[in-house]
Amino acid sequence: MEPIKSFLQKNDRFAQTAGIELLDIREGYAKARMTLRREHLNSVASGHGGAIFTLADFAFAAAVNSHGTISVAINANVSFIQATAEGDVLTAEARETALHTKLAVCAVTVTDQTGAIVASFQGTAYRKNRNLLPDGA
């Protein structure tokens, strides 16, 4: 699983820019973390929905790609439940809820450092017939 974790962390440049760290990855599961910085805030000094979505989306991508097959999002839905602020440490945990030959469905819960749920995300991915890692490992 380490080669997949390394590949995703190294090659997702948007996640890198956002400061997202991939903490854990197993088949059908991923956990990622991000500390909200000033540039993650919206005009009313709350965590921007796009930043929170990006964290959830990265965890989703890691979970559905954990099998080593390229999987790309075809649908995603997010509900924002609680406001966040600069300095909050957000964690996204993604779990596949359905896995088929061509589709995967994944539920992601985003929590803050107190364990409070700040967002709920559900995504559907299309599974291509190609290996994620260039060498097929």
# chains A, B, ... in the order shown; residues from 1 in each chain; ligands from 1
$ residues_around --residues "A:Gly115" --least-positions-apart "4" --cutoff "12 Å" --atoms "only C-alpha atoms" --output "PyMOL selection string"
chain A and resi 82+88-93+109-111+119
$ select_by_dssp --residues "stretch 2-103 of chain A" --states "strand (DSSP E)" --output "VMD selection string"
chain A and resid 21 to 26 29 to 35 69 to 80 89 to 99 103
$ residues_around --residues "A:Gly123" --least-positions-apart "6" --cutoff "10 Å" --atoms "only C-alpha atoms" --output "MDAnalysis selection string"
chainID A and resid 56:57 60:61 64 72:78 94 96 104:108
$ atom_distance --atom1 "atom CA of A:Ala59" --atom2 "atom CA of A:Ala32"
5.7 Å
$ residues_around --residues "A:Lys128" --least-positions-apart "6" --cutoff "8 Å" --atoms "only C-alpha atoms" --output "list in words"
Thr69, Ile70, Ser71, Val72 and Lys102 of chain A
$ residues_around --residues "A:Arg38" --least-positions-apart "3" --cutoff "12 Å" --atoms "only C-alpha atoms" --output "list of chain:residue names"
A:Ala18, A:Gly19, A:Thr35, A:Leu41, A:Asn42, A:Ser43, A:Val44, A:Ala45, A:Ser46, A:Gly47, A:His48, A:Ala51, A:Thr84, A:Ala85, A:Glu86, A:Gly87, A:Asp88
$ write_last_selection --atoms "N, CA and C atoms" --output "mmCIF file, in the first residue's frame"
data_model
loop_
_atom_site.group_PDB
_atom_site.id
_atom_site.type_symbol
_atom_site.label_atom_id
_atom_site.label_comp_id
_atom_site.auth_asym_id
_atom_site.auth_seq_id
_atom_site.Cartn_x
_atom_site.Cartn_y
_atom_site.Cartn_z
ATOM 1 N N ALA A 18 -2.633 22.726 -1.205
ATOM 2 C CA ALA A 18 -3.590 22.958 -0.115
ATOM 3 C C ALA A 18 -3.034 22.548 1.248
ATOM 4 N N GLY A 19 -1.906 21.834 1.251
ATOM 5 C CA GLY A 19 -1.314 21.400 2.523
ATOM 6 C C GLY A 19 -1.942 20.140 3.083
ATOM 7 N N THR A 35 -4.568 21.447 7.964
ATOM 8 C CA THR A 35 -4.754 22.539 8.919
ATOM 9 C C THR A 35 -5.192 23.762 8.128
ATOM 10 N N LEU A 41 -9.516 30.494 3.935
ATOM 11 C CA LEU A 41 -10.701 31.157 4.489
ATOM 12 C C LEU A 41 -11.497 31.884 3.422
ATOM 13 N N ASN A 42 -12.806 31.988 3.661
ATOM 14 C CA ASN A 42 -13.666 32.761 2.764
ATOM 15 C C ASN A 42 -13.744 34.213 3.260
ATOM 16 N N SER A 43 -14.628 34.986 2.672
ATOM 17 C CA SER A 43 -14.699 36.421 2.981
ATOM 18 C C SER A 43 -15.206 36.731 4.390
ATOM 19 N N VAL A 44 -15.790 35.754 5.076
ATOM 20 C CA VAL A 44 -16.253 35.994 6.449
ATOM 21 C C VAL A 44 -15.392 35.234 7.466
ATOM 22 N N ALA A 45 -14.160 34.918 7.050
ATOM 23 C CA ALA A 45 -13.143 34.292 7.911
ATOM 24 C C ALA A 45 -13.510 32.891 8.392
ATOM 25 N N SER A 46 -14.334 32.224 7.623
ATOM 26 C CA SER A 46 -14.686 30.836 7.909
ATOM 27 C C SER A 46 -13.968 29.969 6.870
ATOM 28 N N GLY A 47 -13.777 28.692 7.195
ATOM 29 C CA GLY A 47 -13.145 27.797 6.235
ATOM 30 C C GLY A 47 -13.933 27.764 4.937
ATOM 31 N N HIS A 48 -13.261 27.983 3.825
ATOM 32 C CA HIS A 48 -13.912 28.011 2.510
ATOM 33 C C HIS A 48 -14.419 26.616 2.158
ATOM 34 N N ALA A 51 -12.079 24.546 0.098
ATOM 35 C CA ALA A 51 -10.950 23.928 0.807
ATOM 36 C C ALA A 51 -11.394 22.632 1.485
ATOM 37 N N THR A 84 -15.937 26.340 10.241
ATOM 38 C CA THR A 84 -14.560 26.117 10.663
ATOM 39 C C THR A 84 -13.825 27.452 10.652
ATOM 40 N N ALA A 85 -12.623 27.463 11.233
ATOM 41 C CA ALA A 85 -11.863 28.709 11.330
ATOM 42 C C ALA A 85 -10.378 28.440 11.119
ATOM 43 N N GLU A 86 -9.633 29.490 10.895
ATOM 44 C CA GLU A 86 -8.191 29.379 10.738
ATOM 45 C C GLU A 86 -7.591 28.641 11.934
ATOM 46 N N GLY A 87 -6.695 27.727 11.648
ATOM 47 C CA GLY A 87 -6.047 26.939 12.697
ATOM 48 C C GLY A 87 -6.733 25.619 12.990
ATOM 49 N N ASP A 88 -7.987 25.470 12.554
ATOM 50 C CA ASP A 88 -8.660 24.185 12.766
ATOM 51 C C ASP A 88 -7.926 23.089 11.999
#
$ atom_distance --atom1 "atom CA of A:Ser120" --atom2 "atom CA of A:Phe53"
9.4 Å
$ select_by_dssp --residues "chain A" --states "alpha helix (DSSP H)" --output "PyMOL selection string"
chain A and resi 2-11+13-18+49-65
$ atom_distance --atom1 "atom CA of A:Phe80" --atom2 "atom CA of A:Gln113"
16.2 Å
$ closest_residue --among "A:Ile52, A:Ile4, A:Ala62, A:Ala125" --to "A:Tyr29" --atoms "only C-alpha atoms"
A:Ala62
$ closest_residue --among "A:Ile117, A:Leu103, A:Leu23, A:Ile81" --to "A:Asn65" --atoms "only C-alpha atoms"
A:Leu103
$ decode --residues "stretch 32-115 of chain A" --atoms "C-alpha atoms" --output "PDB file, in the first residue's frame"
ATOM      1  CA  ALA A  32      -6.182  12.697   5.184  1.00  0.00           C
ATOM      2  CA  ARG A  33      -5.547  15.852   7.221  1.00  0.00           C
ATOM      3  CA  MET A  34      -5.275  19.583   6.597  1.00  0.00           C
ATOM      4  CA  THR A  35      -4.754  22.539   8.919  1.00  0.00           C
ATOM      5  CA  LEU A  36      -6.824  25.518   7.800  1.00  0.00           C
ATOM      6  CA  ARG A  37      -4.540  28.411   6.892  1.00  0.00           C
ATOM      7  CA  ARG A  38      -5.407  32.027   6.121  1.00  0.00           C
ATOM      8  CA  GLU A  39      -5.595  31.238   2.402  1.00  0.00           C
ATOM      9  CA  HIS A  40      -8.253  28.576   3.119  1.00  0.00           C
ATOM     10  CA  LEU A  41     -10.701  31.157   4.489  1.00  0.00           C
ATOM     11  CA  ASN A  42     -13.666  32.761   2.764  1.00  0.00           C
ATOM     12  CA  SER A  43     -14.699  36.421   2.981  1.00  0.00           C
ATOM     13  CA  VAL A  44     -16.253  35.994   6.449  1.00  0.00           C
ATOM     14  CA  ALA A  45     -13.143  34.292   7.911  1.00  0.00           C
ATOM     15  CA  SER A  46     -14.686  30.836   7.909  1.00  0.00           C
ATOM     16  CA  GLY A  47     -13.145  27.797   6.235  1.00  0.00           C
ATOM     17  CA  HIS A  48     -13.912  28.011   2.510  1.00  0.00           C
ATOM     18  CA  GLY A  49     -16.198  25.274   1.233  1.00  0.00           C
ATOM     19  CA  GLY A  50     -13.794  24.656  -1.620  1.00  0.00           C
ATOM     20  CA  ALA A  51     -10.950  23.928   0.807  1.00  0.00           C
ATOM     21  CA  ILE A  52     -13.075  21.485   2.791  1.00  0.00           C
ATOM     22  CA  PHE A  53     -14.325  19.873  -0.421  1.00  0.00           C
ATOM     23  CA  THR A  54     -10.724  19.498  -1.617  1.00  0.00           C
ATOM     24  CA  LEU A  55      -9.747  17.638   1.564  1.00  0.00           C
ATOM     25  CA  ALA A  56     -12.749  15.306   1.282  1.00  0.00           C
ATOM     26  CA  ASP A  57     -12.157  14.786  -2.439  1.00  0.00           C
ATOM     27  CA  PHE A  58      -8.507  13.842  -1.893  1.00  0.00           C
ATOM     28  CA  ALA A  59      -9.462  11.251   0.748  1.00  0.00           C
ATOM     29  CA  PHE A  60     -12.141   9.936  -1.632  1.00  0.00           C
ATOM     30  CA  ALA A  61      -9.600   9.692  -4.459  1.00  0.00           C
ATOM     31  CA  ALA A  62      -7.144   7.825  -2.249  1.00  0.00           C
ATOM     32  CA  ALA A  63      -9.789   5.340  -1.075  1.00  0.00           C
ATOM     33  CA  VAL A  64     -11.100   4.515  -4.540  1.00  0.00           C
ATOM     34  CA  ASN A  65      -7.601   4.316  -6.058  1.00  0.00           C
ATOM     35  CA  SER A  66      -6.340   2.124  -3.202  1.00  0.00           C
ATOM     36  CA  HIS A  67      -6.952  -1.019  -5.259  1.00  0.00           C
ATOM     37  CA  GLY A  68      -4.299   0.079  -7.742  1.00  0.00           C
ATOM     38  CA  THR A  69      -6.746   0.750 -10.574  1.00  0.00           C
ATOM     39  CA  ILE A  70      -7.165   4.302 -11.883  1.00  0.00           C
ATOM     40  CA  SER A  71     -10.482   5.596 -10.578  1.00  0.00           C
ATOM     41  CA  VAL A  72     -11.794   9.069 -11.392  1.00  0.00           C
ATOM     42  CA  ALA A  73     -14.706  10.998  -9.920  1.00  0.00           C
ATOM     43  CA  ILE A  74     -17.885  11.173 -11.944  1.00  0.00           C
ATOM     44  CA  ASN A  75     -20.074  12.648  -9.208  1.00  0.00           C
ATOM     45  CA  ALA A  76     -19.598  14.224  -5.793  1.00  0.00           C
ATOM     46  CA  ASN A  77     -21.913  15.799  -3.258  1.00  0.00           C
ATOM     47  CA  VAL A  78     -20.987  17.616  -0.065  1.00  0.00           C
ATOM     48  CA  SER A  79     -23.018  18.951   2.846  1.00  0.00           C
ATOM     49  CA  PHE A  80     -21.392  21.491   5.160  1.00  0.00           C
ATOM     50  CA  ILE A  81     -22.538  20.951   8.730  1.00  0.00           C
ATOM     51  CA  GLN A  82     -20.449  23.198  10.973  1.00  0.00           C
ATOM     52  CA  ALA A  83     -18.339  26.305  10.384  1.00  0.00           C
ATOM     53  CA  THR A  84     -14.560  26.117  10.663  1.00  0.00           C
ATOM     54  CA  ALA A  85     -11.863  28.709  11.330  1.00  0.00           C
ATOM     55  CA  GLU A  86      -8.191  29.379  10.738  1.00  0.00           C
ATOM     56  CA  GLY A  87      -6.047  26.939  12.697  1.00  0.00           C
ATOM     57  CA  ASP A  88      -8.660  24.185  12.766  1.00  0.00           C
ATOM     58  CA  VAL A  89      -7.203  20.776  11.977  1.00  0.00           C
ATOM     59  CA  LEU A  90      -9.557  18.903   9.686  1.00  0.00           C
ATOM     60  CA  THR A  91      -9.468  15.170   9.091  1.00  0.00           C
ATOM     61  CA  ALA A  92     -11.285  13.375   6.289  1.00  0.00           C
ATOM     62  CA  GLU A  93     -11.998   9.645   6.557  1.00  0.00           C
ATOM     63  CA  ALA A  94     -13.169   7.948   3.379  1.00  0.00           C
ATOM     64  CA  ARG A  95     -14.755   4.500   3.207  1.00  0.00           C
ATOM     65  CA  GLU A  96     -15.961   2.727   0.103  1.00  0.00           C
ATOM     66  CA  THR A  97     -19.564   1.704   0.524  1.00  0.00           C
ATOM     67  CA  ALA A  98     -19.868  -0.071  -2.832  1.00  0.00           C
ATOM     68  CA  LEU A  99     -17.265  -1.459  -5.208  1.00  0.00           C
ATOM     69  CA  HIS A 100     -18.066  -2.869  -8.616  1.00  0.00           C
ATOM     70  CA  THR A 101     -16.069  -3.587 -11.740  1.00  0.00           C
ATOM     71  CA  LYS A 102     -16.649  -0.104 -13.170  1.00  0.00           C
ATOM     72  CA  LEU A 103     -18.007   1.988 -10.266  1.00  0.00           C
ATOM     73  CA  ALA A 104     -17.117   2.705  -6.675  1.00  0.00           C
ATOM     74  CA  VAL A 105     -19.157   4.696  -4.160  1.00  0.00           C
ATOM     75  CA  CYS A 106     -17.463   6.287  -1.197  1.00  0.00           C
ATOM     76  CA  ALA A 107     -18.640   8.130   1.926  1.00  0.00           C
ATOM     77  CA  VAL A 108     -16.328  10.709   3.500  1.00  0.00           C
ATOM     78  CA  THR A 109     -16.717  12.332   6.900  1.00  0.00           C
ATOM     79  CA  VAL A 110     -14.737  15.488   7.678  1.00  0.00           C
ATOM     80  CA  THR A 111     -14.186  16.296  11.350  1.00  0.00           C
ATOM     81  CA  ASP A 112     -12.341  19.006  13.232  1.00  0.00           C
ATOM     82  CA  GLN A 113      -9.788  18.581  16.020  1.00  0.00           C
ATOM     83  CA  THR A 114     -12.574  18.100  18.596  1.00  0.00           C
ATOM     84  CA  GLY A 115     -14.171  15.290  16.585  1.00  0.00           C
TER      85      GLY A 115
END
